[in-house]
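Reproduced below: protein.cif, with mmCIF, C-alpha atoms and all ligand atoms.
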data_run
#
loop_
_atom_site.label_atom_id
_atom_site.label_comp_id
_atom_site.auth_asym_id
_atom_site.auth_seq_id
_atom_site.Cartn_x
_atom_site.Cartn_y
_atom_site.Cartn_z
CA MET A 1 -16.23 4.52 -23.99
CA ILE A 2 -18.47 7.58 -23.78
CA GLY A 3 -16.31 8.97 -21.00
CA TYR A 4 -13.13 8.15 -22.90
CA LEU A 5 -14.36 9.94 -26.04
CA ARG A 6 -15.33 13.03 -24.03
CA ALA A 7 -12.01 12.99 -22.18
CA THR A 8 -10.13 12.90 -25.48
CA GLY A 9 -12.20 15.69 -27.02
CA ILE A 10 -14.23 13.54 -29.48
CA ALA A 11 -17.97 14.26 -29.49
CA PRO A 12 -19.59 10.83 -28.79
CA HIS A 13 -22.55 11.46 -31.14
CA THR A 14 -20.15 11.54 -34.12
CA LEU A 15 -19.41 7.80 -33.55
CA PHE A 16 -22.64 6.65 -31.88
CA THR A 17 -24.59 7.06 -35.11
CA GLY A 18 -26.26 3.66 -35.58
CA ALA A 19 -24.92 3.64 -39.16
CA GLY A 20 -23.34 0.41 -40.43
CA TYR A 21 -21.71 -1.42 -37.50
CA GLY A 22 -21.68 1.76 -35.43
CA PRO A 23 -23.30 1.70 -31.96
CA ALA A 24 -26.85 3.01 -31.58
CA PRO A 25 -27.32 6.75 -31.07
CA LEU A 26 -27.09 7.79 -27.43
CA GLY A 27 -30.28 8.11 -25.40
CA ALA A 28 -31.01 10.90 -22.94
CA ASP A 29 -30.01 8.65 -19.98
CA GLU A 30 -26.62 8.01 -21.58
CA GLY A 31 -25.86 11.67 -21.71
CA ALA A 32 -26.75 12.53 -25.29
CA GLU A 33 -26.22 16.09 -24.14
CA ARG A 34 -22.75 16.91 -22.93
CA PRO A 35 -23.08 17.37 -19.14
CA ALA A 36 -22.20 20.72 -17.64
CA PRO A 37 -18.52 20.84 -16.66
CA ASP A 38 -18.12 19.38 -13.18
CA ARG A 39 -14.73 19.54 -11.47
CA LEU A 40 -15.25 16.45 -9.29
CA ALA A 41 -16.66 14.37 -12.15
CA ASP A 42 -13.60 15.30 -14.21
CA LEU A 43 -11.45 14.11 -11.33
CA ASP A 44 -13.52 10.90 -10.93
CA CYS A 45 -13.97 11.79 -7.27
CA PRO A 46 -17.17 10.98 -5.36
CA ALA A 47 -18.59 14.24 -3.97
CA TRP A 48 -18.82 13.06 -0.33
CA LEU A 49 -15.17 12.00 -0.36
CA ALA A 50 -13.72 15.11 -1.97
CA PRO A 51 -13.67 17.34 1.16
CA ARG A 52 -11.86 14.65 3.17
CA LEU A 53 -9.30 14.01 0.45
CA GLU A 54 -8.84 17.72 -0.17
CA ALA A 55 -8.29 18.35 3.56
CA SER A 56 -5.74 15.52 3.64
CA LEU A 57 -3.87 16.30 0.43
CA GLY A 58 -4.09 20.10 0.34
CA PRO A 59 -2.86 21.55 -2.96
CA SER A 60 -1.90 18.06 -4.16
CA PHE A 61 -5.58 17.01 -4.25
CA GLU A 62 -6.20 17.73 -7.95
CA PRO A 63 -2.88 16.41 -9.30
CA VAL A 64 -3.20 13.29 -7.16
CA MET A 65 -6.75 12.64 -8.37
CA ARG A 66 -5.60 13.06 -11.96
CA THR A 67 -2.74 10.63 -11.39
CA LEU A 68 -5.24 8.12 -9.98
CA GLN A 69 -6.90 8.11 -13.43
CA ASP A 70 -3.76 6.59 -14.98
CA ARG A 71 -2.47 3.05 -14.90
CA ALA A 72 -0.10 2.29 -12.01
CA PRO A 73 3.53 1.48 -12.82
CA VAL A 74 4.83 -2.02 -12.05
CA PHE A 75 7.64 -2.09 -9.48
CA LEU A 76 9.93 -4.86 -8.36
CA ARG A 77 11.90 -5.19 -5.15
CA VAL A 78 15.37 -6.60 -5.58
CA ASN A 79 15.93 -9.20 -2.87
CA SER A 80 19.37 -8.28 -1.55
CA ALA A 81 19.65 -11.76 0.01
CA ARG A 82 19.80 -13.16 -3.54
CA ALA A 83 21.28 -10.45 -5.79
CA ASP A 84 22.36 -6.84 -6.05
CA VAL A 85 20.35 -4.42 -8.16
CA GLU A 86 22.61 -4.56 -11.24
CA THR A 87 22.70 -8.39 -11.24
CA ALA A 88 18.90 -8.52 -10.96
CA ARG A 89 18.53 -6.05 -13.87
CA THR A 90 20.87 -8.13 -16.02
CA VAL A 91 18.97 -11.37 -15.29
CA LEU A 92 15.65 -9.63 -16.05
CA VAL A 93 16.98 -8.39 -19.40
CA GLN A 94 17.64 -12.02 -20.37
CA ASP A 95 13.83 -12.46 -20.25
CA GLY A 96 13.27 -9.22 -22.17
CA ILE A 97 12.24 -7.24 -19.07
CA ALA A 98 13.67 -3.72 -18.99
CA THR A 99 13.74 -1.77 -15.73
CA ARG A 100 15.01 1.49 -14.30
CA PRO A 101 15.89 2.38 -10.70
CA SER A 102 13.24 4.21 -8.70
CA PRO A 103 14.18 7.24 -6.59
CA LEU A 104 11.78 6.01 -3.89
CA SER A 105 13.94 3.15 -2.63
CA PRO A 106 17.40 1.73 -3.41
CA SER A 107 15.82 -1.74 -3.74
CA ALA A 108 13.06 -0.63 -6.16
CA LEU A 109 13.04 -1.09 -9.94
CA GLU A 110 10.30 0.23 -12.21
CA VAL A 111 9.48 -2.14 -15.07
CA ILE A 112 9.43 -0.21 -18.34
CA GLU A 113 9.12 -3.11 -20.81
CA ASN A 114 7.36 -6.48 -20.69
CA ALA A 115 5.81 -6.23 -17.22
CA ARG A 116 3.58 -9.19 -18.06
CA ARG A 117 6.58 -11.50 -18.27
CA VAL A 118 7.72 -10.84 -14.70
CA GLN A 119 5.99 -13.76 -13.01
CA THR A 120 7.35 -16.30 -15.49
CA SER A 121 10.87 -14.84 -15.53
CA ALA A 122 13.94 -16.59 -14.10
CA ALA A 123 14.66 -13.61 -11.82
CA TYR A 124 11.20 -13.90 -10.22
CA ARG A 125 11.20 -17.71 -10.02
CA ASP A 126 14.63 -17.76 -8.36
CA GLY A 127 13.68 -15.12 -5.78
CA LEU A 128 15.94 -12.31 -7.07
CA VAL A 129 12.93 -10.02 -7.33
CA GLU A 130 9.45 -9.68 -5.82
CA LEU A 131 6.54 -7.60 -7.06
CA GLN A 132 6.19 -4.73 -4.59
CA ASP A 133 5.22 -1.11 -4.97
CA ALA A 134 8.14 1.33 -4.61
CA ALA A 135 6.45 3.39 -1.87
CA SER A 136 5.73 0.19 0.04
CA GLN A 137 9.49 -0.44 -0.10
CA ALA A 138 10.22 3.14 0.96
CA VAL A 139 8.03 2.60 4.03
CA VAL A 140 10.05 -0.49 4.99
CA ASP A 141 13.24 1.58 4.49
CA MET A 142 11.92 4.00 7.16
CA LEU A 143 11.76 1.32 9.87
CA PRO A 144 14.59 1.71 12.43
CA LEU A 145 16.51 -1.57 12.69
CA ASP A 146 19.64 -0.67 14.71
CA GLY A 147 19.84 -2.93 17.77
CA VAL A 148 16.52 -4.59 16.85
CA THR A 149 16.53 -8.36 17.43
CA ARG A 150 12.79 -9.22 17.53
CA ILE A 151 10.17 -7.91 15.12
CA LEU A 152 6.43 -8.57 15.02
CA ASP A 153 4.55 -7.94 11.78
CA TYR A 154 1.12 -7.72 13.40
CA CYS A 155 -0.96 -7.54 10.18
CA ALA A 156 1.33 -9.57 7.95
CA GLY A 157 -1.18 -10.78 5.33
CA GLY A 158 0.71 -12.23 2.35
CA GLY A 159 3.95 -10.95 3.89
CA GLY A 160 5.09 -8.30 1.38
CA LYS A 161 6.55 -6.10 4.11
CA ALA A 162 7.81 -8.98 6.27
CA LEU A 163 9.80 -10.25 3.28
CA ALA A 164 11.19 -6.79 2.57
CA LEU A 165 12.18 -6.50 6.23
CA ALA A 166 13.87 -9.90 6.19
CA ALA A 167 16.07 -8.70 3.33
CA ARG A 168 17.22 -5.76 5.49
CA THR A 169 17.89 -7.43 8.84
CA GLY A 170 18.99 -10.60 10.57
CA ALA A 171 16.45 -9.98 13.37
CA LYS A 172 13.86 -12.67 14.17
CA ILE A 173 10.62 -11.83 12.36
CA HIS A 174 7.25 -13.11 13.54
CA ALA A 175 4.35 -12.74 11.10
CA HIS A 176 0.86 -12.54 12.63
CA ASP A 177 -2.56 -11.85 11.16
CA ALA A 178 -6.09 -12.00 12.59
CA ASP A 179 -7.06 -14.10 9.58
CA PRO A 180 -4.80 -17.16 9.32
CA ARG A 181 -5.87 -17.72 5.69
CA ARG A 182 -4.10 -14.48 4.77
CA LEU A 183 -0.80 -16.01 5.93
CA VAL A 184 -0.81 -19.14 3.74
CA ASP A 185 1.26 -17.63 0.92
CA LEU A 186 3.99 -16.45 3.24
CA PRO A 187 5.96 -19.69 3.85
CA PRO A 188 6.43 -20.50 0.13
CA ARG A 189 7.31 -16.87 -0.60
CA ALA A 190 9.87 -16.92 2.22
CA VAL A 191 11.45 -20.12 0.84
CA ARG A 192 11.71 -18.55 -2.62
CA ALA A 193 13.31 -15.44 -1.11
CA GLY A 194 15.67 -17.39 1.17
CA ALA A 195 14.14 -15.56 4.18
CA GLU A 196 13.42 -16.89 7.65
CA ILE A 197 10.04 -15.76 8.94
CA THR A 198 8.04 -17.48 11.68
CA VAL A 199 4.30 -17.53 11.11
CA VAL A 200 2.34 -16.89 14.32
CA PRO A 201 -1.37 -17.69 14.03
CA PRO A 202 -3.75 -15.50 16.10
CA ALA A 203 -3.94 -18.03 18.94
CA GLY A 204 -0.13 -18.36 18.95
CA LEU A 205 0.63 -14.76 19.95
CA ARG A 206 1.11 -14.81 23.73
CA ASP A 207 -0.18 -11.81 25.68
CA ASP A 208 3.25 -11.31 27.24
CA ALA A 209 5.23 -11.49 23.94
CA ARG A 210 7.31 -8.30 23.53
CA TYR A 211 9.20 -7.06 20.46
CA ASP A 212 11.67 -4.26 19.74
CA LEU A 213 9.68 -3.29 16.66
CA VAL A 214 6.01 -3.94 15.93
CA LEU A 215 4.75 -3.16 12.45
CA VAL A 216 1.04 -2.50 11.98
CA ASP A 217 0.28 -2.50 8.25
CA ALA A 218 -3.37 -1.84 8.94
CA PRO A 219 -6.46 -2.74 6.94
CA CYS A 220 -7.51 0.51 5.24
CA SER A 221 -9.44 2.10 2.39
CA GLY A 222 -6.56 1.43 0.00
CA SER A 223 -7.03 4.98 -1.30
CA GLY A 224 -3.33 5.21 -2.11
CA ALA A 225 -3.71 2.31 -4.52
CA TRP A 226 -6.91 3.37 -6.27
CA ARG A 227 -4.97 3.42 -9.57
CA ARG A 228 -4.84 -0.36 -9.25
CA SER A 229 -8.51 -0.77 -8.25
CA PRO A 230 -10.40 2.28 -9.52
CA GLU A 231 -13.74 0.84 -8.38
CA GLY A 232 -12.50 1.24 -4.78
CA LYS A 233 -13.33 4.93 -4.62
CA ILE A 234 -16.81 4.34 -6.05
CA ARG A 235 -17.55 1.50 -3.58
CA PHE A 236 -16.12 3.36 -0.57
CA THR A 237 -18.73 4.74 1.85
CA ARG A 238 -19.01 6.85 5.00
CA ASP A 239 -20.01 3.73 6.93
CA ARG A 240 -16.91 1.91 5.71
CA ILE A 241 -14.56 4.67 6.75
CA ALA A 242 -16.15 4.71 10.21
CA GLU A 243 -15.70 0.93 10.48
CA LEU A 244 -12.09 1.12 9.31
CA THR A 245 -11.02 3.92 11.62
CA ALA A 246 -12.55 2.10 14.62
CA LEU A 247 -10.73 -1.10 13.63
CA GLN A 248 -7.44 0.77 13.09
CA GLY A 249 -7.76 2.27 16.59
CA ARG A 250 -8.38 -1.15 18.15
CA ILE A 251 -5.46 -2.75 16.28
CA LEU A 252 -3.09 0.04 17.40
CA GLU A 253 -4.11 -0.52 21.04
CA GLN A 254 -3.62 -4.29 20.74
CA ALA A 255 -0.30 -4.03 18.92
CA LEU A 256 1.15 -1.48 21.38
CA ARG A 257 0.87 -4.10 24.16
CA HIS A 258 3.49 -6.13 22.29
CA VAL A 259 6.07 -3.34 22.00
CA ALA A 260 8.89 -3.64 24.54
CA PRO A 261 9.64 -0.50 26.62
CA GLY A 262 11.70 1.82 24.44
CA GLY A 263 10.69 -0.15 21.34
CA VAL A 264 9.00 1.24 18.26
CA LEU A 265 5.47 0.86 16.94
CA ALA A 266 5.29 1.53 13.19
CA TYR A 267 1.84 2.38 11.85
CA VAL A 268 1.41 2.01 8.10
CA THR A 269 -1.53 2.29 5.71
CA CYS A 270 -1.85 2.51 1.95
CA SER A 271 -4.28 5.38 2.45
CA MET A 272 -4.08 9.11 1.78
CA LEU A 273 -6.88 10.06 4.19
CA ASP A 274 -5.91 11.81 7.43
CA ASP A 275 -8.89 10.04 9.07
CA GLU A 276 -7.01 6.75 8.71
CA ASN A 277 -3.51 8.15 9.20
CA SER A 278 -2.45 11.12 11.35
CA GLN A 279 -5.80 11.20 13.16
CA ARG A 280 -5.40 7.58 14.31
CA VAL A 281 -1.90 8.32 15.57
CA GLU A 282 -3.10 11.47 17.37
CA ALA A 283 -5.95 9.51 18.96
CA LEU A 284 -3.51 6.89 20.27
CA ALA A 285 -0.99 9.48 21.49
CA GLN A 286 -3.70 11.25 23.50
CA HIS A 287 -3.94 8.45 26.04
CA ALA A 288 -1.13 5.94 25.41
CA PRO A 289 2.52 6.28 26.51
CA VAL A 290 4.03 6.91 23.09
CA GLU A 291 6.36 9.53 21.69
CA ARG A 292 5.74 10.44 18.06
CA LEU A 293 9.07 10.16 16.25
CA VAL A 294 8.34 10.81 12.59
CA ASP A 295 5.62 10.44 10.02
CA ARG A 296 5.47 10.64 6.25
CA GLN A 297 2.74 10.65 3.65
CA PHE A 298 3.63 9.30 0.21
CA THR A 299 1.30 10.02 -2.71
CA PRO A 300 1.26 8.80 -6.30
CA LEU A 301 2.98 12.11 -7.17
CA ASP A 302 6.09 10.54 -5.62
CA GLY A 303 5.85 7.78 -8.23
CA GLY A 304 4.49 4.82 -6.28
CA ASP A 305 1.22 4.22 -4.46
CA GLY A 306 0.01 6.45 -1.65
CA PHE A 307 1.30 5.24 1.73
CA TYR A 308 1.46 6.63 5.25
CA CYS A 309 4.03 5.64 7.85
CA ALA A 310 4.33 6.88 11.45
CA LEU A 311 6.92 5.74 13.96
CA LEU A 312 6.09 5.89 17.68
CA ARG A 313 8.35 5.06 20.60
CA HIS A 314 6.74 3.13 23.47
CA GLU A 315 7.63 4.85 26.73
CA PRO A 316 5.58 3.21 29.46
CA GLY A 317 7.47 4.96 32.28
CA GLY A 318 7.42 8.32 30.55
CA ARG A 319 3.89 9.44 31.49
C1 LIG B 1 -2.94 -4.16 4.43
S1 LIG B 1 -3.16 -5.84 4.74
C2 LIG B 1 -1.52 -6.40 5.10
C3 LIG B 1 -0.60 -6.45 3.90
C4 LIG B 1 0.75 -7.06 4.21
N1 LIG B 1 1.38 -6.48 5.39
C5 LIG B 1 1.72 -6.96 3.03
O1 LIG B 1 2.65 -6.11 3.06
O2 LIG B 1 1.58 -7.75 2.11
C6 LIG B 1 -3.92 -5.82 6.32
C7 LIG B 1 -4.03 -7.15 7.03
O3 LIG B 1 -4.56 -6.91 8.34
C8 LIG B 1 -5.26 -8.06 8.75
N2 LIG B 1 -6.11 -7.73 9.89
C9 LIG B 1 -7.38 -7.25 9.90
N3 LIG B 1 -7.81 -7.07 11.16
C10 LIG B 1 -6.80 -7.43 11.97
C11 LIG B 1 -6.62 -7.48 13.40
N4 LIG B 1 -7.61 -7.10 14.23
N5 LIG B 1 -5.45 -7.92 13.89
C12 LIG B 1 -4.45 -8.29 13.05
N6 LIG B 1 -4.56 -8.29 11.69
C13 LIG B 1 -5.71 -7.86 11.17
C14 LIG B 1 -6.00 -8.48 7.50
O4 LIG B 1 -6.37 -9.85 7.56
C15 LIG B 1 -4.97 -8.17 6.39
O5 LIG B 1 -4.25 -9.32 6.04
#

Show how you would write the structure in this file as structure tokens.
Amino acid sequence: MIGYLRATGIAPHTLFTGAGYGPAPLGADEGAERPAPDRLADLDCPAWLAPRLEASLGPSFEPVMRTLQDRAPVFLRVNSARADVETARTVLVQDGIATRPSPLSPSALEVIENARRVQTSAAYRDGLVELQDAASQAVVDMLPLDGVTRILDYCAGGGGKALALAARTGAKIHAHDADPRRLVDLPPRAVRAGAEITVVPPAGLRDDARYDLVLVDAPCSGSGAWRRSPEGKIRFTRDRIAELTALQGRILEQALRHVAPGGVLAYVTCSMLDDENSQRVEALAQHAPVERLVDRQFTPLDGGDGFYCALLRHEPGGR
């Protein structure tokens, strides 16, 4: 509350008076004095993290950090296997849910009224729409699917991206995760969406299994989604980033073994830190037979969460 009052230009001591039902006057440890202006405190950015974010985001650093102080929009993905966008919008309106298209992806709708009703709405129950961030959908739109018949989602978790992929392709999709508990929601979600996805527990992924496209939606800081979990940036530490980047490197190595020659490895995070994104791809490309095809960083300034996506072609004979 103290921060909110300061941010809105109201001097806290005018309300923290102790009079009547008013809260007690502020003590020295609560900042009775207005602190000296501090750029990083205004941006809610931990000091150790600022140089890394600033190096990654360049001139977007300040506007991105300000955007992270706002509430995140709610986005839906229209499941093209069940409905087109206009049909889905019409069915949502019957439950009082108003939406508008998002420029980030043709399948994305931003909810502008009654977001809390989504999960009890007919459109959601019948699999016409899923909750999914618009940039997460844009990342799936980037995946090359021409001629692709076998796809491995190596870090499938609850299957948000596997389901979005299933709506775009008739290819066989295998969903794998190191933690089988993360996969339990996927089968019922796939049934609701009318999608066919084969769950592959860790022990079920054969060493010699090869796919045309392997998606690595890696565990990461989640810095692109800190609007949704603002405590994330406060809890994040130097040790954690070191752990994550080492894990991301190992996962990339493991996943590359499952990409058929000429196939594509897609590396995705919901992070805005180069340490977790371009630097991981560069580290892999230094010793592995991959050609970097394209990469893109989305930030909340694009409307959705921050996401990174890099596509790499596996060329074992090429080096
Ligand atoms: C960002 S989440 C995946 C989100 C999911 N793709 C979606 O769109 O809903 C990352 C996942 O990676 C999994 N993971 C962590 N370490 C892994 C490893 N070494 N191999 C495979 N998956 C791993 C985690 O269990 C977690 O479910």

Notebook entry, point to check: Pick the closest to ligand LIG 1 (chain B) from A:Pro201, A:Gly194, A:Gly160, A:Gly304: which is it, counting all atoms listed in the file?
Noted result: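 Among the listed residues, the smallest separation from ligand LIG 1 (chain B) belongs to A:Gly160.
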
Next item on the list: Grab the atom CA of Arg192 of chain A to atom CA of Phe307 of chain A distance for me, in Å with one decimal place.
Entry: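 According to the coordinates, atom CA of Arg192 of chain A and atom CA of Phe307 of chain A are separated by 26.3 Å.
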
Next item on the list: Kindly indicate which residue among A:Ile151, A:Val129, A:Leu92, A:Ile241 lies nearest to Arg117 of chain A, using all atoms listed in the file for the distances.
Entry: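 Ranked by minimum distance to Arg117 of chain A, first place goes to A:Leu92.
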
Next item on the list: Using all atoms listed in the file, find the one residue out of A:Leu131, A:Leu301, A:Met272, A:Leu312 that sits nearest to ligand LIG 1 (chain B).
Entry: A:Leu131

Next item on the list: Select the residues contacting ligand LIG 1 (chain B) at a distance of at most 7 Å, based on only C-alpha atoms and all ligand atoms, then format the selection as a list in words.
Entry: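 After applying the 7 Å limit, what remains is Tyr154, Cys155, Ala156, Gly157, Gly158, Gly159, Gly160, Lys161, Ala162, His176, Asp177, Ala178, Asp179, Arg182, Asp217, Ala218, Pro219, Cys220, Leu247, Ile251 and Thr269 of chain A.
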
Item checked: Contacts of Pro51 of chain A at 12 Å (all atoms listed in the file; same-chain gap of 4+ positions) as an NGL selection string -> :A and (40 or 45-47 or 55-58 or 61-62 or 273-275)

Go ahead and save the residues from that selection, with C-alpha atoms, as a PDB file, keeping the file's coordinate frame.
ATOM      1  CA  LEU A  40     -15.250  16.450  -9.290  1.00  0.00           C
ATOM      2  CA  CYS A  45     -13.970  11.790  -7.270  1.00  0.00           C
ATOM      3  CA  PRO A  46     -17.170  10.980  -5.360  1.00  0.00           C
ATOM      4  CA  ALA A  47     -18.590  14.240  -3.970  1.00  0.00           C
ATOM      5  CA  ALA A  55      -8.290  18.350   3.560  1.00  0.00           C
ATOM      6  CA  SER A  56      -5.740  15.520   3.640  1.00  0.00           C
ATOM      7  CA  LEU A  57      -3.870  16.300   0.430  1.00  0.00           C
ATOM      8  CA  GLY A  58      -4.090  20.100   0.340  1.00  0.00           C
ATOM      9  CA  PHE A  61      -5.580  17.010  -4.250  1.00  0.00           C
ATOM     10  CA  GLU A  62      -6.200  17.730  -7.950  1.00  0.00           C
ATOM     11  CA  LEU A 273      -6.880  10.060   4.190  1.00  0.00           C
ATOM     12  CA  ASP A 274      -5.910  11.810   7.430  1.00  0.00           C
ATOM     13  CA  ASP A 275      -8.890  10.040   9.070  1.00  0.00           C
TER      14      ASP A 275
END

Hey, could you make a per-residue contact list for segment 129-157 of chain A against segment 71-79 of chain A with 8 Å as the cut-off, showing the nearest pair of atoms and its distance in Å to one decimal, counting all atoms listed in the file, sorted by chain and number, as a tab-separated table?
residue	atom	partner	partner_atom	distance
A:Val129	CA	A:Val78	CA	4.6
A:Glu130	CA	A:Arg77	CA	5.2
A:Leu131	CA	A:Leu76	CA	4.5
A:Gln132	CA	A:Leu76	CA	5.3
A:Asp133	CA	A:Phe75	CA	5.2
A:Ala134	CA	A:Phe75	CA	6.0
A:Gln137	CA	A:Arg77	CA	7.3

Check: Taking (2.9, 10.9, 2.3) in the file's coordinates, which residues come within 8 Å, counting only C-alpha atoms, written as a ChimeraX atom specification?
Finding: /A:272,296-299,306-309

Notebook entry, point to check: Which neighbours of segment 1-6 of chain A fall inside 10 Å, counting only C-alpha atoms, when residues of the same chain fewer than 2 positions from it are skipped, and could you give them as an NGL selection string?
Noted result: :A and (8-13 or 15-16 or 26 or 30-32 or 34 or 42)

Notebook entry, point to check: Between A:Asp146, A:Asp44, A:Glu315, A:Asp208, which one has atoms that come closest to Ile234 of chain A, using only C-alpha atoms?
Noted result: A:Asp44

Please tabulate, as a tab-separated table, the residues of segment 206-228 of chain A that come within 12 Å of segment 168-171 of chain A, each with its closest pair of atoms and the distance in Å to one decimal, counting only C-alpha atoms and ordering rows by chain, then residue number upward.
residue	atom	partner	partner_atom	distance
A:Tyr211	CA	A:Ala171	CA	10.6
A:Asp212	CA	A:Ala171	CA	9.8
A:Leu213	CA	A:Ala171	CA	10.1

Next item on the list: Would you mind telling me which residue in A:Pro59, A:Pro300, A:Gly127, A:Gly18 lies nearest to Arg227 of chain A when using only C-alpha atoms?
Entry: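 Once distances to Arg227 of chain A are computed over only C-alpha atoms, the minimum belongs to A:Pro300.
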
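In terms of minimum interatomic distance to Met65 of chain A, A:Lys233 ranks closest within A:Arg100, A:Arg257, A:Arg125, A:Lys233, counting all atoms listed in the file.
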
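The coordinates place atom CA of Leu186 of chain A at 17.5 Å from atom CA of Arg82 of chain A.
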
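The two atoms in question, atom CA of Ala164 of chain A and atom CA of Ala122 of chain A, are spaced 19.5 Å apart.
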
Excluding same-chain residues fewer than 2 positions from Ser223 of chain A, what lies within 7 Å of it counting all atoms listed in the file, as a PDB file with C-alpha atoms, in the frame of the given file?
ATOM      1  CA  SER A 221      -9.440   2.100   2.390  1.00  0.00           C
ATOM      2  CA  ALA A 225      -3.710   2.310  -4.520  1.00  0.00           C
ATOM      3  CA  TRP A 226      -6.910   3.370  -6.270  1.00  0.00           C
ATOM      4  CA  CYS A 270      -1.850   2.510   1.950  1.00  0.00           C
ATOM      5  CA  SER A 271      -4.280   5.380   2.450  1.00  0.00           C
ATOM      6  CA  MET A 272      -4.080   9.110   1.780  1.00  0.00           C
TER       7      MET A 272
END

Any chance you could build segment 148-163 of chain A out to N, CA and C atoms and write it as an mmCIF file, in the frame of the given file?
data_model
loop_
_atom_site.group_PDB
_atom_site.id
_atom_site.type_symbol
_atom_site.label_atom_id
_atom_site.label_comp_id
_atom_site.auth_asym_id
_atom_site.auth_seq_id
_atom_site.Cartn_x
_atom_site.Cartn_y
_atom_site.Cartn_z
ATOM 1 N N VAL A 148 17.803 -3.861 16.795
ATOM 2 C CA VAL A 148 16.520 -4.590 16.850
ATOM 3 C C VAL A 148 16.781 -6.082 16.641
ATOM 4 N N THR A 149 16.313 -6.914 17.593
ATOM 5 C CA THR A 149 16.530 -8.360 17.430
ATOM 6 C C THR A 149 15.228 -9.129 17.249
ATOM 7 N N ARG A 150 14.090 -8.522 17.666
ATOM 8 C CA ARG A 150 12.790 -9.220 17.530
ATOM 9 C C ARG A 150 11.776 -8.266 16.909
ATOM 10 N N ILE A 151 11.153 -8.741 15.837
ATOM 11 C CA ILE A 151 10.170 -7.910 15.120
ATOM 12 C C ILE A 151 8.857 -8.674 15.008
ATOM 13 N N LEU A 152 7.757 -7.975 15.241
ATOM 14 C CA LEU A 152 6.430 -8.570 15.020
ATOM 15 C C LEU A 152 5.756 -7.802 13.881
ATOM 16 N N ASP A 153 5.386 -8.524 12.830
ATOM 17 C CA ASP A 153 4.550 -7.940 11.780
ATOM 18 C C ASP A 153 3.128 -8.330 12.143
ATOM 19 N N TYR A 154 2.397 -7.388 12.759
ATOM 20 C CA TYR A 154 1.120 -7.720 13.400
ATOM 21 C C TYR A 154 0.008 -7.987 12.386
ATOM 22 N N CYS A 155 0.054 -7.346 11.226
ATOM 23 C CA CYS A 155 -0.960 -7.540 10.180
ATOM 24 C C CYS A 155 -0.227 -8.000 8.915
ATOM 25 N N ALA A 156 0.345 -9.182 8.981
ATOM 26 C CA ALA A 156 1.330 -9.570 7.950
ATOM 27 C C ALA A 156 0.697 -9.930 6.613
ATOM 28 N N GLY A 157 -0.542 -10.404 6.605
ATOM 29 C CA GLY A 157 -1.180 -10.780 5.330
ATOM 30 C C GLY A 157 -0.279 -11.709 4.526
ATOM 31 N N GLY A 158 -0.134 -11.401 3.230
ATOM 32 C CA GLY A 158 0.710 -12.230 2.350
ATOM 33 C C GLY A 158 2.192 -12.023 2.597
ATOM 34 N N GLY A 159 2.564 -11.068 3.452
ATOM 35 C CA GLY A 159 3.950 -10.950 3.890
ATOM 36 C C GLY A 159 4.842 -10.053 3.062
ATOM 37 N N GLY A 160 4.257 -9.192 2.217
ATOM 38 C CA GLY A 160 5.090 -8.300 1.380
ATOM 39 C C GLY A 160 6.094 -7.520 2.212
ATOM 40 N N LYS A 161 5.626 -6.935 3.318
ATOM 41 C CA LYS A 161 6.550 -6.100 4.110
ATOM 42 C C LYS A 161 7.462 -6.958 4.966
ATOM 43 N N ALA A 162 6.955 -8.089 5.465
ATOM 44 C CA ALA A 162 7.810 -8.980 6.270
ATOM 45 C C ALA A 162 8.989 -9.456 5.418
ATOM 46 N N LEU A 163 8.723 -9.779 4.158
ATOM 47 C CA LEU A 163 9.800 -10.250 3.280
ATOM 48 C C LEU A 163 10.805 -9.126 3.006
#
